[in-house]
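Working notes for the structure below.
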Amino acid sequence: MSNSLIDIKEVDVTYPAQGFGKKPFKALTSVSLDIRPGETVGLVGESGSGKTTLGRAVLGLAPVTAGVIDYGGRDIAHLGRRERRALASDIQVVFQDPYSSLNPSLTIEQILAEPLTARGVAGKTARTRVRDLLGQVALPADAAGRLPREFSGGQRQRIAIARALALDPKLIVCDEPVSALDLSTQAKVLDLFIDIQRRTGVAYLFISHDLAVVRHVSHRVAVMYHGEIVEAGDGDQVTAHPQHPYTQRLFMAAPVPDPDRQAKRRVERQRLLAAQAAAGQA
Amino acid sequence: MLSYIARRLAAGVVLLVAITTVAFLLLYAGGGNIARRIVGQSATEEVVARKAAELGLDKPLWEQYWNWLTGAVHGDFGRSWFSGETVVAGLTSRLAVTLALVCLTTLIAALLAVVLGVLAATRRGWIDKVVQFGSVLGFAIPGFLIALALVVVFSINLGWFRATGFIRPSDSVSGWLKSITLPVIALAVGSIASVAQQVRGAVLDALSRDYVRTLRSRGVPSRRVVYKHVLRNAGGPALAVLGVNFIGMLGGTVIVERMFLLPGLGQLAVNATTQADIPYVMGLVLATAVIVVVVNLVIDLAQAALNPRVRLS
Amino acid sequence: MSTVAVPAVPLEVLAEAPAGKVSLLRRLLRNPIGVTCLGYLVLLALVAVFGRLMAPQDPDRADPGNFLASPSAEHLMGTDSTGRDVLSRLLAATQISVAAALLATVIAVVLGVVTGLIAGYFGGWFDSISSWIAGLLMAMPGFVVLLAARAVIGPTVWMAMVVFGVLMAPGFFRLVYAAVTAVRNELYVDAARVAGLSDARIIGRHIMSVVRAPIIIQAAMAAGIAVAIQAGLDFLGLGDLGVASWGAMLNDGFAKIYNQPILMLWPSLAIALTCIALTLLANALRDELERAGAAPKRKKKAGAARDDGDVIIQAADVIVHGADAHSQALTGEVLLDVHHLRVGYDQPDGSVTEVVHGIDLRVHRGSIHGLIGESGSGKTQTAFAIMGLLPAGGRVLEGASIMFAGQELAGGSEALYRGILGKRIAYIPQEPMSNLDPSFTVGSQLTEPMRLALGLKRAQAKQRALDLLDRVGIPDPARTFAAYPHEISGGMAQRVLIAGAVSLDPQLLIADEPTTALDVTVQAEVLELIRDLQTELNLGVLLVTHNFGVVADLCDQVSVMQRGLIVEAGPVRAIFHDAQHPYTQSLLDAILDDAAPRGPLGADREEVAP
Amino acid sequence: MIRRKPLAIAVALAATFALATAGCSSSDDSGDSTSSSGTTQSADGGTTTDGGTTTDGGTTTSGGTVILGAIAYPTSLGPNGYEWGNRAPFFQAVMDTLLMAGTDGSVQPLLATAWEYNDDQTELTLTIAEGIKFSDGEVLDAQAVVTSLDTFKASTSPDTGTYMARYESSTAPDATHVVIKLTEPDPAFLNYLTRTAGLVASPASFDNEDLETHPIGSGPYIFDPDASVIGTSYVYTKNPDYWKPELQHYDKLIINVFDETTAAINAIKAGEANVVKLSGNDNLAEVEGAGWTINKNELDFQGLLLLDRGGTMNPALGDVRVRQALNYAFDRDALLASLGAGYGTVTTQVFPTSSVAYDDSLDSYYTYDPEKAKALLAEAGYADGLTLDMPSSTMLGAATFTLLGQYLGDIGITVNWTDPGNNYIADMLAPKFAAAFMALEQNPDWQLVNFMIAPSALFNPFRYEDPQVDEWINDMQYGDQAAQDEAAKNINRYIVEQAWFAPLYRVWGVVASDANTSVTMLPSNAYPNIYDIKPAS
């Protein structure tokens, strides 16, 4: 597509073997996906499906062994360290774990100013920007001088978002950004994501295992299974009327927060499993 | 498993060659006029020259090393330049003493440390403080002070143990015990507490693991959980510390050996090295390096046996 | 996922990465041992710098007419074997000894840290070579190397310390190497990389900040060892007796131990005190780090800090819904009756931090009672309290009652629980992997309680375990029985834990977030299993969860917990359809499942506010 | 402060307390000599009748075991390691010497029952006792003696260069006579035959592979290599067929090597030895306090060797006034008290008291007179002081060099100390230093002259020659006894006046013995003859 921001084409990721006599591990097989400017593409899958690897491939943190990741007309899958660094202002990340994604020994200001000073922004300008960023994620300005451990999970995730925003990126890879959060916090953070997107026009590659979360934030959704994308399409299409047997199972497995509807869902799920087993579908 | 051991041993051999080469070069660089030192102050220069020729010290360095190496490969490590005994015989008798010392110390340290460490971790309170404090003291008090205090009290004043000398177990087991008890205590004081400290840490760590609670929820008594499950999981780190201590003690016994007049490796090491008794030092370096390689291998194997997640590769 | 095979203690410290340097120093200053040691070391540093100036007499001036004098007004510590003033000498010697120890330490740190950082961060050939050299150095008999080096370069204390520094470097190398390889894959390092930081900057900023504290600890230990080694060399007469150092003084004193034993006291004291101070300082540092590291960990689990301000929850009236048609159908006897349960943790200062503030809870035989709440609400603490398995320091406070099948368990000892845990109350934990002992096979962990509690023979226990594994849906029970925990998947492990929980025919099952760590499809299967077992064995179940879907799927009764209190309780339908408490309502509102999908890009319609 | 306390405290294991107790119990022992009863008890308690390298008290009047303590061990028990001095007992136990040193300084017969020089003193005929066998069964005859002499001559023993310097050859005209040819007269040759030069080993043993660790002789004891640990403990058992049983006093003889003075003192206090050579005299009170006897001789002098008397390296030392100034610089009494614990005699001469050349007025020829020293230096043109390079060594104790440097500094001489490590002696003899501190053995006259005075002497590395002295040396070698004595006296006085050395004091060499053992010292050797170590009657 000509108007896509980033175009992932038939990408393979293979991790080299650990030690002699072991097989290399192929984490992604011929994955293709595109993201348009200002769009959220949800990526759903269970652990080991390769969804996180795809995010890391986009970030340049996973070894792409085949295929192309086209960004702004050039392949960013095989950049050198220096060129990759230059991309920092375009592609950013928010990780799942709000505890290990912030260096515990740096203050919030140091963390947020880091991408700025790395690009040569002067200290004073950086400080102003940090204050601005904290405002954007609805944290008080006095947060700047404190350490990550003084914040709750939700607040930390806001800090991580602020860091991702620091360089005004075009794309943020969000790797399970709310799955470690409590229910009520999760909703607030998701709204923050959507709000920021509306204001800045940033695109998200939004990775999650939770169909409900993905449906809530995504314009389009792709489903991953065993290192491949098995189904992709508009959010409500994929999440409400899944076509692929795996997506159907996934849809049925999530319990509905209503005792009576869930009782029905349970029966439906059993029926689906039986039908799929009969049809011999994987 | 076997191929792993073989690979480790092969790597060990490479290590040995490297170590002996370094040691040889060091010794020669620092040897000075070795022949003069062997024959002493009153010998004439002519005798010195004759001594040098006798020992091959007049040959080029590479030739001396080659001679040593070919001899060593054939199991001939030569004779000491300062005592005339064969290096193999000398090392064997010294190793018997030092290994007895180190093994006994390690054994005692391990047993006591495990008991103390577990008690400190599970009971906390005063015993915990004693272990913590003891480990600091044990680390800080120079070994010879402990040795001296032991001699003054238990051997000179009470006459329970020997102050000097070594009795072989083949001659008299009780005599052997009398001659080795104080040195072992002197050596163990330092390591018991430090190993106990490590065990304590490892046990505390293991105790905080989720499976401890789950096991107890199934009705497994907490004592059994500690001694069967926690201890096994804490065993790895403790073993590593014991291994390090063991290796450290190989040379570190020298002070105790001197104080108690034990014919051990440490004493030999000091004498041989200061005199530049090259055949002896080379044998010594080789022997200790072999022990180090073997001990490390044994520790790694033991850890693998304790912890199924450690893969040998 | 796996925190597997991390080699124990030092990494434990750095895994709980430290807070900033400043605050660590500040905390150290609040630690009485730490401040004492620091004080001593500062004093030592002052003496090292100004010692010669402070010396009342010329430390090198011998007085053969007045040797081995006992302490007197003129010579406060007496004189040595050549009549030099011991006090002056001790002051002067401090300089040499401290400088020597510093030299060795600095060399070890610089060498070990630089190579460790490079090898650990970049890996590759430098990694292989430096690791090999470190191994080589560690296999060298250190003492022999020191002696040989002494023979080569002469008996100067400085060269000996340089060599010793090199010998100690592998220790730092390994420490830093292990730390770096552990940190290299931390998310914040990835984040820094994505943020466009150069490698040098990442190492300097992120990696160093993590390895810094362990390095300081190890350096303190190393300095102590260097002091001791230097003294040891001097003691053996292998040192540099020409310069005044503690070791040289010790050597002199030891030679005269039977003439003037007090001569040995002063250098021994200096050496011992310095070693003790350094070791204790290292210990204090480590303690502070562990404390600092433990704090957020606890928060993570107990969740003291929250997003939504500081609302203080009073023990207001619990909103209790009456029974409905569904719940009336379940009329099993009351299995567990918890009344006014309070859980507190003893603090070092003697106070008690209360985390559960007096709750009532009832579980009937044959029914599932859901305890729902967000992290830190005290639901897990409640579960542990019922089983008498609160972590160290935690206890059930006065006035609580936990009646289980007519027996009071509150505050019960281990002996009281002996016949109850496992046999009558069973537990399913949250994290399947960490709840299996990694060192024992699945089979041995399953059969151990059976043999202990039921007195089964080995073969009987094994048969029962295999049956149970089969029952919980494990495809190849024999293989799983013989496997170690790390060889099976998370879903399998959870099934194993469920099998273990029901293995002793309990009446009450306490399941603490039993599906949270599992994938959705696996979760559905495990929920299915729990429901089947519950019906089959007519169990009472206390299900702790934060997931309303799970509650809707399984529970008959629900209690909603917030901040250590139950705010609303009742039959499951009442909670879902008729929530009264604002907190319950806000939770239900946050559920996304019923929210409309966002739709394609450009549809540009209003999002549904949660 | 009393004796029970150490136990309680040492159990507590507090560092400083442990130290203090070590202090109390030792320093109190002097006043607490009853404690020696405890010590003796553990000695003759001797409940450990273990074999091996142990003691069991050795309390019996004849037979039993005697345990000796030594401070040095031979580099080899074969001819390449032959050494006397402190190493004498190791050899004397297994091998007989041709002649024996008497406790009065005389030369006594042993294997050789008679000896005779020819007129020009270049041929020595020895008569060998008959019917003696080595412990391996070989016969000890004249040919065996010749083999031993030749083997020693060809060996790399430290002694061979000195003792065999003038040995040309020897022959055995018959089974009981040995004729030794010298290249020139050697007045000390008979002395040498009481030492390493006179050791006779089984000729068959010279071909043995284990010669270095298994000597075979005809001596009173047989070496037990299996029970011994080379370098630490040497075990000898009684030779049942010994030809001169009156020299045999024990069933078993053990020599333990004490590297550490404190270990030696501990052994003495714990009663784990019978006779101990002490490496220093710091603890004599302690030893006596344990009920032991101090046996002493004065054998070494300690002082500065002013080697560069010709001024080739340091011109200042070529000036006799500078050398004399060096002699006036030291307070010898204070040095002896401080460095030698007061056990010794200050001296300014290098000849021993046993020598005819000895003159007790020469013990105080130079007094402590720094003013005079400065005046002499000024006179020699060094009013502003001078610099002297000297070696130092930790082996000789740090205190020595501190004090020497200080005294010299007081008269304006700055010493640059260099520690050559293991090469102290090698560098001194190279020669790399104009002067050096040293402890040298005071041998009988002719030996002494050839050791440190003659142009070819080992400790005359600059080969300094003085025609006057050369003449006296010639008299000593070729003259009759009276001429020899006269020459020795002249040499002694001359080199004191010329300040060839700056001797400080003679130190006691002490061999301590317990109550059960009697020891008679030799005037000329550090260690007594093992024959002179007997059960006390």
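The way I read the labels, and the way they are meant: chains A, B, ... in the order of the structure tokens, residue 1 as the first residue of every chain, and ligand 1 as the first ligand shown, with later ones counted on from there.
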Exercise for the section: Mind checking which residues fall within 9 Å of segment 84-100 of chain A, counting only C-alpha atoms, ignoring those fewer than 4 positions away in the same chain, and posting them as a ChimeraX atom specification? Expected result: /A:55,58-60,76,78-80,104,115,119,148-149,152-161,163-181 /C:186-188,191,193-198,296,300
Handout entry: Distance filter 7 Å, only C-alpha atoms, chain A against chain C, as a ChimeraX atom specification
Key = /A:39,46-47,59,85-86,88,92-93,100-106,115,118,149,152,154-155,182-184,187,212-213,215-220,234-236,250,253-259,262-263
Handout entry: Within 8 Å of chain D: residues of chain B, using only C-alpha atoms, as a PyMOL selection string
Key = chain B and resi 31-33+36-44+46-48+50-51+81-85+90+93+137+141+145-146+148-157+159+162-168+171-172+175+258-263+274-275
Handout entry: d(atom CA of Asn185 of chain C, atom CA of Ala220 of chain C) in Å
Key =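 Calculated distance between atom CA of Asn185 of chain C and atom CA of Ala220 of chain C is 28.0 Å.
The list of residues with at least one atom within 7 Å of Gln302 of chain D, based on only C-alpha atoms and without residues fewer than 4 positions apart in the same chain, reads Met438, Ala439, Leu440, Pro503, Leu504, Tyr505 and Arg506 of chain D.
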Practice task
Find the spatial neighbours of Leu508 of chain C, counting only C-alpha atoms, within a cut-off of 7 Å - ignore same-chain residues fewer than 2 positions away - and output them as an NGL selection string.
Solution key: :C and (424-426 or 506 or 510 or 539-541)
Can those selected residues be exported to a file as a compact mmCIF listing (two decimals), in the first residue's frame so that it contains C-alpha atoms?
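Result written to result-v7.txt:
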```
# COMPACT_ATOMS: atom_id res chain seq x y z
CA ARG C 424 -8.66 -30.91 54.32
CA ILE C 425 -7.68 -27.54 52.92
CA ALA C 426 -5.80 -27.48 49.65
CA PRO C 506 -9.56 -32.00 50.60
CA ILE C 510 -8.26 -22.20 48.07
CA LEU C 539 -15.59 -29.14 47.22
CA GLY C 540 -15.96 -25.79 48.80
CA VAL C 541 -13.79 -23.35 46.88
```
Exercise for the section: From a DSSP calculation on the backbone, collect every residue of segment 19-260 of chain A in alpha helix (DSSP H) and output the set as a PyMOL selection string. Expected result: chain A and resi 51-59+81-86+108-118+123-136+153-165+183-200+211-217+235-240+245-253+259-260
Exercise: Ile359 of chain C partners within 8 Å, only C-alpha atoms, chain neighbours under 3 positions left out, as a PDB file with C-alpha atoms, in the first residue's frame:
```
ATOM      1  CA  VAL C 338     -14.159 -16.313  58.779  1.00  0.00           C
ATOM      2  CA  HIS C 339     -15.091 -13.633  61.191  1.00  0.00           C
ATOM      3  CA  HIS C 340     -13.433 -10.277  61.692  1.00  0.00           C
ATOM      4  CA  LEU C 341     -10.150 -11.406  60.167  1.00  0.00           C
ATOM      5  CA  ARG C 342      -7.336  -8.933  60.583  1.00  0.00           C
ATOM      6  CA  VAL C 356      -6.581  -6.822  56.190  1.00  0.00           C
ATOM      7  CA  GLY C 564      -8.206  -4.837  53.147  1.00  0.00           C
ATOM      8  CA  LEU C 565     -11.950  -4.630  53.488  1.00  0.00           C
ATOM      9  CA  ILE C 566     -14.867  -6.401  51.910  1.00  0.00           C
TER      10      ILE C 566
END
```
